[in-house]
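Below: protein_23.txt (compact mmCIF, C-alpha atoms)
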```
# COMPACT_ATOMS: atom_id res chain seq x y z
CA MET J 115 274.43 81.93 61.91
CA GLY J 116 271.53 79.56 62.23
CA LYS J 117 273.73 76.56 61.48
CA THR J 118 276.33 77.47 64.06
CA LEU J 119 273.66 77.92 66.69
CA LEU J 120 272.06 74.62 65.80
CA GLY J 121 275.44 72.92 65.94
CA ASN J 122 276.22 74.34 69.34
CA VAL J 123 272.80 73.49 70.74
CA LEU J 124 273.08 69.91 69.50
CA ALA J 125 276.58 69.59 70.90
CA GLY J 126 275.45 70.90 74.26
CA VAL J 127 272.38 68.71 74.50
CA ALA J 128 274.14 65.60 73.23
CA GLY J 129 277.09 66.16 75.53
CA SER J 130 274.91 66.63 78.59
CA ALA J 131 272.86 63.56 77.75
CA MET J 132 276.00 61.46 77.31
CA LEU J 133 277.41 62.67 80.63
CA LEU J 134 274.15 61.76 82.33
CA ALA J 135 274.15 58.39 80.58
CA VAL J 136 277.71 57.62 81.66
CA TYR J 137 276.90 58.55 85.23
CA MET J 138 273.79 56.40 85.26
CA VAL J 139 275.49 53.40 83.67
CA PHE J 140 278.54 53.40 85.89
CA ILE J 141 277.26 54.75 89.18
CA TYR J 142 273.49 54.96 89.42
CA VAL J 143 272.19 51.69 88.06
CA PRO J 144 272.53 48.59 90.26
CA THR J 145 274.57 45.63 89.12
CA ASP J 146 272.52 42.92 87.49
CA SER J 147 272.22 39.94 89.82
CA ALA J 148 272.45 37.30 87.09
CA GLN J 149 275.05 38.74 84.76
CA GLY J 150 277.25 40.87 86.97
CA ILE J 151 279.17 43.97 86.02
CA VAL J 152 279.52 43.04 82.34
CA GLN J 153 275.82 43.60 81.90
CA ARG J 154 276.46 47.35 81.91
CA VAL J 155 277.80 47.06 78.38
CA PHE J 156 274.23 46.29 77.37
CA TYR J 157 273.15 49.89 78.10
CA PHE J 158 275.54 51.12 75.44
CA HIS J 159 275.33 48.17 73.08
CA VAL J 160 271.58 48.22 72.42
CA PRO J 161 271.14 51.97 71.67
CA ILE J 162 274.24 51.90 69.46
CA ALA J 163 272.79 48.92 67.58
CA ILE J 164 269.47 50.70 67.01
CA MET J 165 271.26 53.80 65.73
CA THR J 166 273.31 51.70 63.30
CA PHE J 167 270.15 50.59 61.58
CA VAL J 168 268.59 54.06 61.76
CA ALA J 169 271.73 55.45 60.12
CA PHE J 170 271.46 52.96 57.31
CA GLY J 171 267.82 53.85 56.89
CA VAL J 172 268.87 57.47 56.42
CA VAL J 173 271.49 56.35 53.89
CA ALA J 174 268.85 54.44 51.94
CA VAL J 175 266.25 57.21 51.87
CA ALA J 176 268.81 59.90 51.03
CA SER J 177 270.27 57.67 48.30
CA ALA J 178 266.87 57.16 46.71
CA MET J 179 266.16 60.90 46.87
CA PHE J 180 269.56 61.63 45.36
CA LEU J 181 269.01 59.31 42.40
CA TRP J 182 265.53 60.68 41.91
CA ARG J 183 266.19 64.39 42.34
CA GLY J 184 269.91 64.72 41.72
CA THR J 185 270.52 67.45 44.32
CA ARG J 186 273.91 67.20 45.95
CA ALA J 187 272.49 67.89 49.39
CA TRP J 188 270.88 64.42 49.44
CA ASP J 189 274.17 62.81 48.52
CA ARG J 190 275.97 64.69 51.27
CA LEU J 191 273.39 63.52 53.78
CA ALA J 192 273.71 59.92 52.62
CA HIS J 193 277.49 60.04 52.77
CA SER J 194 277.51 61.60 56.23
CA SER J 195 275.03 59.08 57.57
CA GLY J 196 277.12 56.32 56.02
CA GLU J 197 280.25 57.44 57.83
CA VAL J 198 278.55 57.96 61.18
CA GLY J 199 276.68 54.67 60.76
CA MET J 200 279.95 52.87 60.06
CA VAL J 201 281.37 54.11 63.36
CA PHE J 202 278.29 52.96 65.25
CA CYS J 203 278.32 49.59 63.47
CA THR J 204 281.95 49.01 64.40
CA LEU J 205 281.14 49.85 68.01
CA VAL J 206 278.26 47.36 68.03
CA LEU J 207 280.47 44.59 66.71
CA VAL J 208 283.12 45.39 69.33
CA THR J 209 280.85 45.82 72.38
CA GLY J 210 278.83 42.73 71.50
CA PRO J 211 281.62 40.18 71.88
CA ILE J 212 282.82 41.96 75.03
CA TRP J 213 279.44 41.25 76.54
CA ALA J 214 279.03 37.83 74.95
CA LYS J 215 282.24 36.19 76.12
CA PRO J 216 281.49 36.25 79.87
CA ILE J 217 277.75 35.71 79.44
CA TRP J 218 277.47 33.15 76.64
CA GLY J 219 280.97 31.76 76.91
CA THR J 220 281.71 32.52 73.29
CA TRP J 221 282.88 35.63 71.41
CA TRP J 222 280.57 35.09 68.48
CA THR J 223 277.56 33.07 67.38
CA TRP J 224 276.05 32.99 63.93
CA ASP J 225 272.55 34.00 64.93
CA ALA J 226 270.46 36.24 62.71
CA ARG J 227 271.07 39.53 64.49
CA LEU J 228 274.87 39.27 64.71
CA THR J 229 275.29 37.92 61.20
CA THR J 230 273.06 40.58 59.69
CA THR J 231 274.98 43.30 61.53
CA LEU J 232 278.26 41.87 60.29
CA ILE J 233 276.99 41.90 56.71
CA LEU J 234 275.69 45.43 57.22
CA TRP J 235 279.20 46.40 58.26
CA LEU J 236 280.53 45.00 54.99
CA ILE J 237 277.88 46.88 53.02
CA TYR J 238 278.82 50.10 54.83
CA ALA J 239 282.46 49.41 53.97
CA GLY J 240 281.62 48.94 50.30
CA TYR J 241 279.47 52.05 50.40
CA LEU J 242 282.28 54.23 51.73
CA MET J 243 284.95 52.63 49.56
CA MET J 244 282.90 53.28 46.44
CA ARG J 245 283.53 56.99 46.63
CA ASN J 246 287.28 56.54 46.81
CA VAL J 247 287.70 54.24 43.85
CA THR J 248 285.70 56.11 41.23
CA ALA J 249 287.10 58.55 38.73
CA SER J 250 284.63 61.34 39.42
CA GLY J 251 282.81 62.34 42.59
CA GLU J 252 279.57 62.40 40.64
CA GLN J 253 279.97 58.77 39.58
CA GLY J 254 280.99 57.74 43.08
CA ALA J 255 277.91 59.37 44.53
CA ARG J 256 275.63 57.59 42.09
CA TYR J 257 277.19 54.16 42.54
CA ALA J 258 277.16 54.53 46.31
CA ALA J 259 273.49 55.49 46.14
CA ILE J 260 272.72 52.34 44.15
CA LEU J 261 274.48 50.25 46.77
CA GLY J 262 272.57 52.02 49.53
CA ILE J 263 269.23 51.19 47.95
CA VAL J 264 270.11 47.58 47.06
CA GLY J 265 271.57 47.12 50.54
CA VAL J 266 268.50 48.28 52.42
CA ILE J 267 266.25 45.97 50.38
CA ASP J 268 268.58 43.04 50.93
CA ILE J 269 269.08 43.40 54.69
CA PRO J 270 265.64 42.01 55.68
CA ILE J 271 266.08 39.11 53.23
CA ILE J 272 269.51 38.34 54.66
CA ASN J 273 268.10 38.48 58.18
CA ARG J 274 265.32 36.05 57.29
CA SER J 275 267.63 33.59 55.57
CA VAL J 276 270.15 33.51 58.43
CA TYR J 277 267.32 33.09 60.94
CA TRP J 278 265.97 30.07 59.06
CA TRP J 279 269.46 28.70 58.68
CA ARG J 280 270.07 28.82 62.40
CA THR J 281 266.75 27.32 63.44
CA ILE J 282 267.48 24.08 61.61
CA HIS J 283 270.53 23.52 63.82
CA PRO J 284 268.95 23.75 67.28
CA ALA J 285 271.86 22.06 69.02
CA VAL J 286 274.16 24.92 68.15
CA LEU J 287 271.67 27.66 68.84
CA VAL J 288 272.24 29.81 71.88
CA THR J 289 269.10 31.14 73.48
CA ARG J 290 269.30 34.85 73.73
CA GLU J 291 267.89 36.49 76.79
CA GLY J 292 268.38 40.03 75.61
CA GLY J 293 267.02 42.59 78.00
CA SER J 294 264.50 40.32 79.66
CA GLY J 295 265.96 40.94 83.08
CA LEU J 296 265.04 44.61 83.21
CA SER J 297 262.72 44.46 86.17
CA ASP J 298 264.31 47.25 88.17
CA PRO J 299 262.91 50.67 87.19
CA ARG J 300 266.36 52.15 87.60
CA MET J 301 267.58 49.85 84.84
CA GLN J 302 264.74 50.90 82.59
CA ALA J 303 265.46 54.55 83.26
CA THR J 304 269.15 54.07 82.48
CA LEU J 305 268.34 52.34 79.22
CA GLY J 306 265.94 55.12 78.30
CA VAL J 307 268.52 57.80 78.99
CA CYS J 308 271.10 55.90 76.96
CA PHE J 309 268.71 55.65 74.01
CA ALA J 310 268.21 59.41 74.13
CA ALA J 311 271.91 60.09 74.59
CA PHE J 312 273.02 57.98 71.62
CA PHE J 313 270.23 59.32 69.44
CA LEU J 314 271.37 62.87 70.19
CA LEU J 315 274.99 61.86 69.66
CA PHE J 316 274.05 60.44 66.27
CA LEU J 317 272.20 63.63 65.32
CA TRP J 318 275.09 65.81 66.38
CA LEU J 319 277.71 63.72 64.54
CA LEU J 320 275.49 63.62 61.46
CA PHE J 321 275.04 67.36 61.60
CA VAL J 322 278.74 68.10 61.99
CA ARG J 323 279.74 65.68 59.22
CA ASN J 324 277.06 67.01 56.91
CA GLU J 325 278.13 70.61 57.52
CA ASN J 326 281.70 69.57 56.80
CA ALA J 327 280.61 68.10 53.47
CA ARG J 328 278.50 71.12 52.59
CA LEU J 329 281.37 73.52 53.27
CA GLN J 330 283.75 71.36 51.25
CA ASP J 331 281.38 71.47 48.31
CA ALA J 332 280.97 75.24 48.65
CA LEU J 333 284.74 75.64 48.70
CA GLU J 334 285.06 73.48 45.61
CA ASP J 335 282.46 75.60 43.82
CA ILE J 336 284.33 78.79 44.63
CA ARG J 337 287.59 77.25 43.48
CA GLN J 338 286.02 76.23 40.18
CA ARG J 339 284.68 79.71 39.62
CA VAL J 340 288.04 81.32 40.35
CA LEU J 341 289.78 78.94 37.96
CA ALA J 342 287.19 79.59 35.29
CA ARG J 343 287.80 83.28 35.51
CA GLY J 344 291.43 82.55 34.70
CA MET O 264 266.43 43.39 24.02
CA LEU O 265 266.45 40.09 22.16
CA ALA O 266 268.93 41.52 19.70
CA ILE O 267 271.37 42.36 22.45
CA LEU O 268 270.90 38.94 23.96
CA ARG O 269 271.56 37.32 20.61
CA LYS O 270 274.64 39.46 20.11
CA ASP O 271 276.04 38.53 23.52
CA LEU O 272 275.39 34.84 22.98
CA LEU O 273 276.83 34.84 19.47
CA LEU O 274 279.93 36.67 20.65
CA GLU O 275 280.40 34.16 23.41
CA LEU O 276 279.93 31.22 21.09
CA ARG O 277 282.80 32.50 18.99
CA THR O 278 285.28 33.57 21.63
CA LYS O 279 284.20 31.38 24.55
CA GLU O 280 286.18 33.70 26.81
CA THR O 281 283.71 34.12 29.62
CA LEU O 282 282.67 30.51 29.46
CA THR O 283 286.20 29.21 29.81
CA SER O 284 286.88 31.58 32.70
CA LEU O 285 283.79 30.43 34.56
CA LEU O 286 284.55 26.80 33.88
CA LEU O 287 288.18 26.88 34.91
CA LEU O 288 287.59 28.98 38.00
CA GLY O 289 284.79 26.66 39.10
CA LEU O 290 286.94 23.58 38.64
CA LEU O 291 289.94 25.14 40.37
CA THR O 292 287.85 26.12 43.36
CA LEU O 293 286.44 22.59 43.59
CA LEU O 294 289.95 21.21 43.37
CA ILE O 295 291.28 23.35 46.17
CA LEU O 296 288.26 22.60 48.33
CA SER O 297 288.78 18.89 47.72
CA PHE O 298 292.18 19.21 49.34
CA ALA O 299 290.61 20.88 52.33
CA PHE O 300 288.87 17.69 53.37
CA GLU O 301 290.13 14.16 54.02
CA PRO O 302 289.01 11.85 51.21
CA GLY O 303 286.47 9.39 52.48
CA SER O 304 285.72 11.22 55.71
CA GLU O 305 282.22 12.15 56.82
CA VAL O 306 283.23 15.79 56.94
CA ARG O 307 283.79 15.67 53.22
CA VAL O 308 280.27 14.46 52.52
CA GLU O 309 278.80 17.05 54.89
CA ALA O 310 280.86 19.78 53.31
CA ALA O 311 280.03 18.85 49.72
CA PRO O 312 277.06 21.21 49.25
CA GLY O 313 279.09 24.06 50.71
CA ALA O 314 282.00 23.30 48.41
CA LEU O 315 279.79 23.34 45.35
CA TRP O 316 278.25 26.68 46.18
CA VAL O 317 281.59 28.26 47.08
CA ALA O 318 282.79 27.20 43.64
CA VAL O 319 279.64 28.67 42.06
CA VAL O 320 279.99 32.00 43.89
CA PHE O 321 283.67 32.54 43.24
CA ALA O 322 283.51 31.45 39.63
CA GLY O 323 280.47 33.67 39.16
CA VAL O 324 282.05 36.74 40.72
CA LEU O 325 285.29 36.43 38.81
CA GLY O 326 283.61 35.45 35.56
CA LEU O 327 281.19 38.38 35.66
CA SER O 328 284.08 40.75 36.18
CA ARG O 329 285.71 39.40 33.08
CA SER O 330 282.68 39.74 30.89
CA PHE O 331 282.28 43.41 31.63
CA LEU O 332 285.97 44.08 31.35
CA ALA O 333 285.94 42.80 27.79
CA GLU O 334 283.00 45.09 26.99
CA ARG O 335 284.79 48.06 28.40
CA GLU O 336 287.97 47.43 26.49
CA ASN O 337 286.13 47.52 23.22
CA GLU O 338 283.91 50.45 24.13
CA CYS O 339 280.94 48.27 23.34
CA LEU O 340 278.96 49.74 26.16
CA GLN O 341 279.29 53.25 24.72
CA GLY O 342 278.04 51.91 21.42
CA LEU O 343 275.08 50.26 23.10
CA LEU O 344 274.20 53.40 25.00
CA LEU O 345 274.10 55.38 21.77
CA CYS O 346 271.24 53.20 20.56
CA PRO O 347 267.79 54.61 21.35
CA LEU O 348 267.28 51.72 23.68
CA ASP O 349 265.77 51.61 27.14
CA ARG O 350 268.58 51.07 29.65
CA GLY O 351 266.47 48.56 31.47
CA SER O 352 266.36 46.36 28.40
CA ILE O 353 270.14 46.37 28.19
CA TYR O 354 270.21 45.22 31.79
CA LEU O 355 267.71 42.43 31.17
CA ALA O 356 269.63 41.20 28.15
CA LYS O 357 272.95 41.20 29.96
CA THR O 358 271.50 39.50 33.02
CA LEU O 359 270.02 36.74 30.88
CA ALA O 360 273.24 36.33 28.94
CA ASN O 361 275.33 36.08 32.11
CA PHE O 362 272.84 33.60 33.53
CA VAL O 363 273.12 31.43 30.43
CA PHE O 364 276.93 31.49 30.61
CA MET O 365 277.01 30.55 34.28
CA ALA O 366 274.46 27.79 33.74
CA ALA O 367 276.42 26.46 30.79
CA ALA O 368 279.58 26.33 32.89
CA GLN O 369 277.69 24.27 35.46
CA ILE O 370 277.05 21.57 32.85
CA VAL O 371 280.69 20.61 33.25
CA VAL O 372 281.29 21.70 36.85
CA LEU O 373 278.38 19.71 38.27
CA PRO O 374 279.49 16.26 37.03
CA VAL O 375 283.03 17.02 38.21
CA PHE O 376 281.60 17.90 41.59
CA ILE O 377 279.79 14.55 41.72
CA PHE O 378 283.03 12.72 40.87
CA PHE O 379 285.28 14.61 43.29
CA PHE O 380 282.95 14.28 46.23
CA ASN O 381 281.77 10.77 45.45
CA LEU O 382 278.08 11.43 45.51
CA THR O 383 275.41 8.91 44.61
CA LEU O 384 272.89 10.21 42.12
CA THR O 385 269.55 10.26 43.82
CA SER O 386 266.21 11.61 42.69
CA GLY O 387 266.95 14.68 44.75
CA PHE O 388 269.46 15.74 42.16
CA LEU O 389 266.85 17.25 39.88
CA GLY O 390 265.90 19.53 42.72
CA VAL O 391 269.54 20.45 43.18
CA ILE O 392 269.76 21.49 39.54
CA VAL O 393 266.66 23.67 39.91
CA THR O 394 268.16 25.28 43.02
CA ILE O 395 271.41 25.96 41.23
CA LEU O 396 269.52 27.63 38.40
CA LEU O 397 267.61 29.79 40.88
CA GLY O 398 270.82 30.73 42.61
CA LEU O 399 272.66 31.50 39.37
CA PHE O 400 269.84 33.73 38.20
CA GLY O 401 269.97 35.67 41.45
CA PHE O 402 273.77 36.02 41.20
CA SER O 403 273.28 37.30 37.70
CA THR O 404 270.74 39.96 38.67
CA VAL O 405 272.92 41.42 41.41
CA GLY O 406 276.18 40.63 39.66
CA THR O 407 275.34 42.24 36.33
CA LEU O 408 274.36 45.46 38.07
CA PHE O 409 277.44 45.63 40.25
CA ALA O 410 279.85 44.35 37.61
CA ALA O 411 278.79 47.27 35.42
CA ILE O 412 279.62 49.55 38.35
CA ALA O 413 282.76 47.81 39.57
CA VAL O 414 284.41 47.67 36.16
CA ARG O 415 284.45 51.46 36.09
CA THR O 416 286.28 51.76 39.39
CA ARG O 417 289.96 51.63 40.14
CA ALA O 418 289.96 48.67 42.50
CA ARG O 419 287.78 46.48 40.32
CA GLU O 420 289.23 43.13 41.44
CA VAL O 421 288.20 43.79 45.00
CA MET O 422 285.08 45.88 44.44
CA LEU O 423 282.93 43.26 42.78
CA PRO O 424 283.50 40.54 45.43
CA LEU O 425 283.19 43.14 48.21
CA LEU O 426 279.83 44.27 46.86
CA MET O 427 278.43 40.96 45.71
CA ILE O 428 279.30 38.46 48.40
CA PRO O 429 277.49 40.14 51.31
CA LEU O 430 274.47 40.81 49.14
CA VAL O 431 274.02 37.25 47.82
CA VAL O 432 274.26 35.60 51.25
CA PRO O 433 270.56 34.57 51.19
CA LEU O 434 271.10 32.77 47.88
CA PHE O 435 274.19 31.06 49.22
CA ILE O 436 272.62 29.95 52.50
CA GLY O 437 269.48 28.85 50.66
CA GLY O 438 271.43 26.99 48.01
CA VAL O 439 273.63 25.10 50.47
CA THR O 440 270.73 24.21 52.76
CA VAL O 441 268.49 22.98 49.95
CA THR O 442 271.32 21.05 48.28
CA HIS O 443 272.18 19.40 51.56
CA LYS O 444 268.57 18.46 52.34
CA LEU O 445 267.87 17.11 48.87
CA LEU O 446 271.05 15.04 48.85
CA VAL O 447 270.14 13.34 52.13
CA GLY O 448 266.73 12.52 50.73
CA LYS O 449 264.42 15.06 52.32
CA GLY O 450 261.23 15.92 50.50
CA VAL O 451 260.43 18.94 48.39
CA SER O 452 257.97 20.32 50.96
CA GLU O 453 260.81 20.78 53.42
CA VAL O 454 262.85 22.87 51.03
CA ALA O 455 259.92 24.81 49.58
CA PRO O 456 260.30 27.87 51.89
CA TRP O 457 263.94 28.20 50.88
CA LEU O 458 263.12 27.94 47.20
CA ASN O 459 260.47 30.61 47.68
CA LEU O 460 263.04 32.84 49.37
CA MET O 461 265.47 32.39 46.49
CA LEU O 462 262.76 32.96 43.90
CA GLY O 463 261.65 36.07 45.74
CA PHE O 464 265.24 37.30 45.82
CA ASP O 465 265.57 36.73 42.08
CA VAL O 466 262.38 38.60 41.25
CA ILE O 467 263.01 41.51 43.63
CA PHE O 468 266.54 42.16 42.44
CA LEU O 469 265.67 41.70 38.79
CA VAL O 470 263.15 44.51 39.20
CA VAL O 471 265.50 46.69 41.27
CA GLY O 472 268.33 46.15 38.78
CA TRP O 473 266.04 46.95 35.88
CA LEU O 474 265.00 50.22 37.53
CA VAL O 475 268.42 51.30 38.65
CA PHE O 476 270.73 50.16 35.83
CA GLU O 477 270.52 53.45 33.95
CA TYR O 478 272.20 55.21 36.86
CA ALA O 479 274.97 52.65 36.79
CA VAL O 480 275.91 53.24 33.15
CA GLU O 481 275.36 57.01 32.88
CA GLU O 482 278.49 58.78 31.78
```
What's the structure tokens form of this structure?
Amino acid sequence: MGKTLLGNVLAGVAGSAMLLAVYMVFIYVPTDSAQGIVQRVFYFHVPIAIMTFVAFGVVAVASAMFLWRGTRAWDRLAHSSGEVGMVFCTLVLVTGPIWAKPIWGTWWTWDARLTTTLILWLIYAGYLMMRNVTASGEQGARYAAILGIVGVIDIPIINRSVYWWRTIHPAVLVTREGGSGLSDPRMQATLGVCFAAFFLLFLWLLFVRNENARLQDALEDIRQRVLARG
Amino acid sequence: MLAILRKDLLLELRTKETLTSLLLLGLLTLLILSFAFEPGSEVRVEAAPGALWVAVVFAGVLGLSRSFLAERENECLQGLLLCPLDRGSIYLAKTLANFVFMAAAQIVVLPVFIFFFNLTLTSGFLGVIVTILLGLFGFSTVGTLFAAIAVRTRAREVMLPLLMIPLVVPLFIGGVTVTHKLLVGKGVSEVAPWLNLMLGFDVIFLVVGWLVFEYAVEE
């Protein structure tokens, strides 16, 4: 009963926050004078990007706990966070170029942030694929956990190396203005609401996915017991 | 650990399977990349460091796959696991062995690279060799761990590259940048940060691999 209630509460809160966020992004907040209408993508893009990395952090911690303790609940959490994180990562890589093309004049640059996110996407892909290509679920869980841990250690190193790589080619570098133009308090408020909305969305999706996994495991257990009884 | 290392090296000396794979794949990659650039053009000279490292990465990934596949076919790994031996030691031995094989392959690949891309041998070349060794060691640390995993999956041809290539990006970027700088005559001090990065990578992932390998080979 507790789980259903929690699920419903999360859904309600996340849904309301998202509705508010959508309203604020499309109606409330004024259009940016320098960048125009496209700038509104930024209010989605940045929170989604943050959640991508948070999701991977959850994957890493849950993976380490799973290898250390061996309880299936940690693996389920890692797997769920991996799936939700993959969705967010894909969204980042899609919304980014949509914003970049009108503003920078190019779909893609090889700066540290974009490149690291792209590589993170590939690591997520490997992480999820791992479970499908192994003979047993147990093995798949372990191998995926190893990748999660190695991945999280590598991401900062990758970021550093790409950053250095780009700073030796200053002619090609595009200066990134990020959110420096957020002078208007309405813009700040909108960004804040969007952060909250996507964080809640992440929590809700994670919860639902995790519950799904838990119920699947429970079902599998029951099936095994019935079969054993013959 | 030394015994396993000796066994791997002896085995290789007799069959030369992994070594030939690494060698041929490296040369083939260099060949194909040579066709990608006009002979004599500036682009070719600029692209040379990249070409070398692409050859190193692809040969390494495919060669590592092979070495573990052979183990699996002969159930050697099961035999090794039966020994009362620390899993970490097995990992260290295999990593060293793979490193030695990849380095040995480079003894042939590197001169061919110099011929194909028409490079003049400068003093910087010693630095290039050191960088290659650093890079190969890093590939070996990550590669040995993930080859052991990938070889037990169904899609092993795609799993190892999919896992390895994103993870060794720092080594690749570092290797290409340092090779390029050294070949145009820049000093060691300019490439020192990169070498530190690569060395750091090697050490970190050697330790991580050593800690985590037992989970990779558990039945």
Mind dumping a table of every region 314-430 of chain O residue within 8 Å of region 450-464 of chain O, with the nearest atom pair and its distance in Å to one decimal, using only C-alpha atoms, sorted by chain and rising number, as a Markdown table?
```
| residue | atom | partner | partner_atom | distance |
| --- | --- | --- | --- | --- |
| O:Gly390 | CA | O:Val451 | CA | 7.9 |
| O:Thr394 | CA | O:Leu458 | CA | 7.1 |
| O:Leu397 | CA | O:Leu462 | CA | 6.5 |
| O:Gly398 | CA | O:Met461 | CA | 6.8 |
| O:Gly401 | CA | O:Phe464 | CA | 6.6 |
```
Edge lengths and centre in Å, axis-aligned, region 255-271 of chain J plus 3 Å each side, as AutoDock Vina command-line options:
```
--center_x 271.8 --center_y 49.2 --center_z 48.9 --size_x 18.3 --size_y 26.3 --size_z 19.6
```
Considering only C-alpha atoms, extract the chain J residues located within 9 Å of chain O and return them as a ChimeraX atom specification. /J:181,233-234,236-237,239-241,243-244,246-249,253-254,256-257,260-261,263-265,267-269,271-276,278-279
For CA of Gly196 (chain J) and CA of Ile212 (chain J), determine how far apart the two atoms are, in Å to one decimal place.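 Answer for the CA of Gly196 (chain J) to CA of Ile212 (chain J) separation: 24.5 Å.
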For a quick check of understanding, using all atoms listed in the file, which of J:Gly251, J:Arg280, J:Ser130, J:Ile141 has the smallest distance to Arg154 (chain J)?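 Once distances to Arg154 (chain J) are computed over all atoms listed in the file, the minimum belongs to J:Ile141.
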Neighbours of point (271.2, 20.1, 56.1) within 10 Å, using all atoms listed in the file, written as a PDB file with C-alpha atoms, keeping the file's coordinate frame:
```pdb
ATOM      1  CA  TRP J 279     269.460  28.700  58.680  1.00  0.00           C
ATOM      2  CA  ILE J 282     267.480  24.080  61.610  1.00  0.00           C
ATOM      3  CA  HIS J 283     270.530  23.520  63.820  1.00  0.00           C
TER       4      HIS J 283
ATOM      5  CA  GLU O 309     278.800  17.050  54.890  1.00  0.00           C
ATOM      6  CA  PRO O 312     277.060  21.210  49.250  1.00  0.00           C
ATOM      7  CA  VAL O 439     273.630  25.100  50.470  1.00  0.00           C
ATOM      8  CA  THR O 440     270.730  24.210  52.760  1.00  0.00           C
ATOM      9  CA  VAL O 441     268.490  22.980  49.950  1.00  0.00           C
ATOM     10  CA  THR O 442     271.320  21.050  48.280  1.00  0.00           C
ATOM     11  CA  HIS O 443     272.180  19.400  51.560  1.00  0.00           C
ATOM     12  CA  LYS O 444     268.570  18.460  52.340  1.00  0.00           C
ATOM     13  CA  LEU O 445     267.870  17.110  48.870  1.00  0.00           C
ATOM     14  CA  LEU O 446     271.050  15.040  48.850  1.00  0.00           C
ATOM     15  CA  VAL O 447     270.140  13.340  52.130  1.00  0.00           C
ATOM     16  CA  LYS O 449     264.420  15.060  52.320  1.00  0.00           C
TER      17      LYS O 449
END
```
Could you name the residues that touch Leu293 (chain O) at 8 Å or less, counting all atoms listed in the file, but leaving out those on the same chain fewer than 4 positions away, as a count of residues only? 6
Have a look at CA of Trp182 (chain J) and CA of Arg350 (chain O) and let me know their distance in Å, one decimal.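 A separation of 15.9 Å between them.
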Tell me, in Å to one decimal, how far CA of Ala332 (chain J) is from CA of Leu191 (chain J).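 Value for the CA of Ala332 (chain J)-CA of Leu191 (chain J) distance: 14.9 Å.
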Let me make sure I understand: among O:Phe380, O:Tyr354, O:Phe331, O:Trp473, which one has the smallest atom-to-atom distance to Ala410 (chain O) if we use all atoms listed in the file? O:Phe331
Compute the distance from (288.9, 33.4, 42.0) to each atom, counting all atoms listed in the file, keep the residues with any atom at most 10 Å away, and return them as a PyMOL selection string; use the coordinates of the file. chain O and resi 284-285+287-289+291-292+318+320-326+420+424
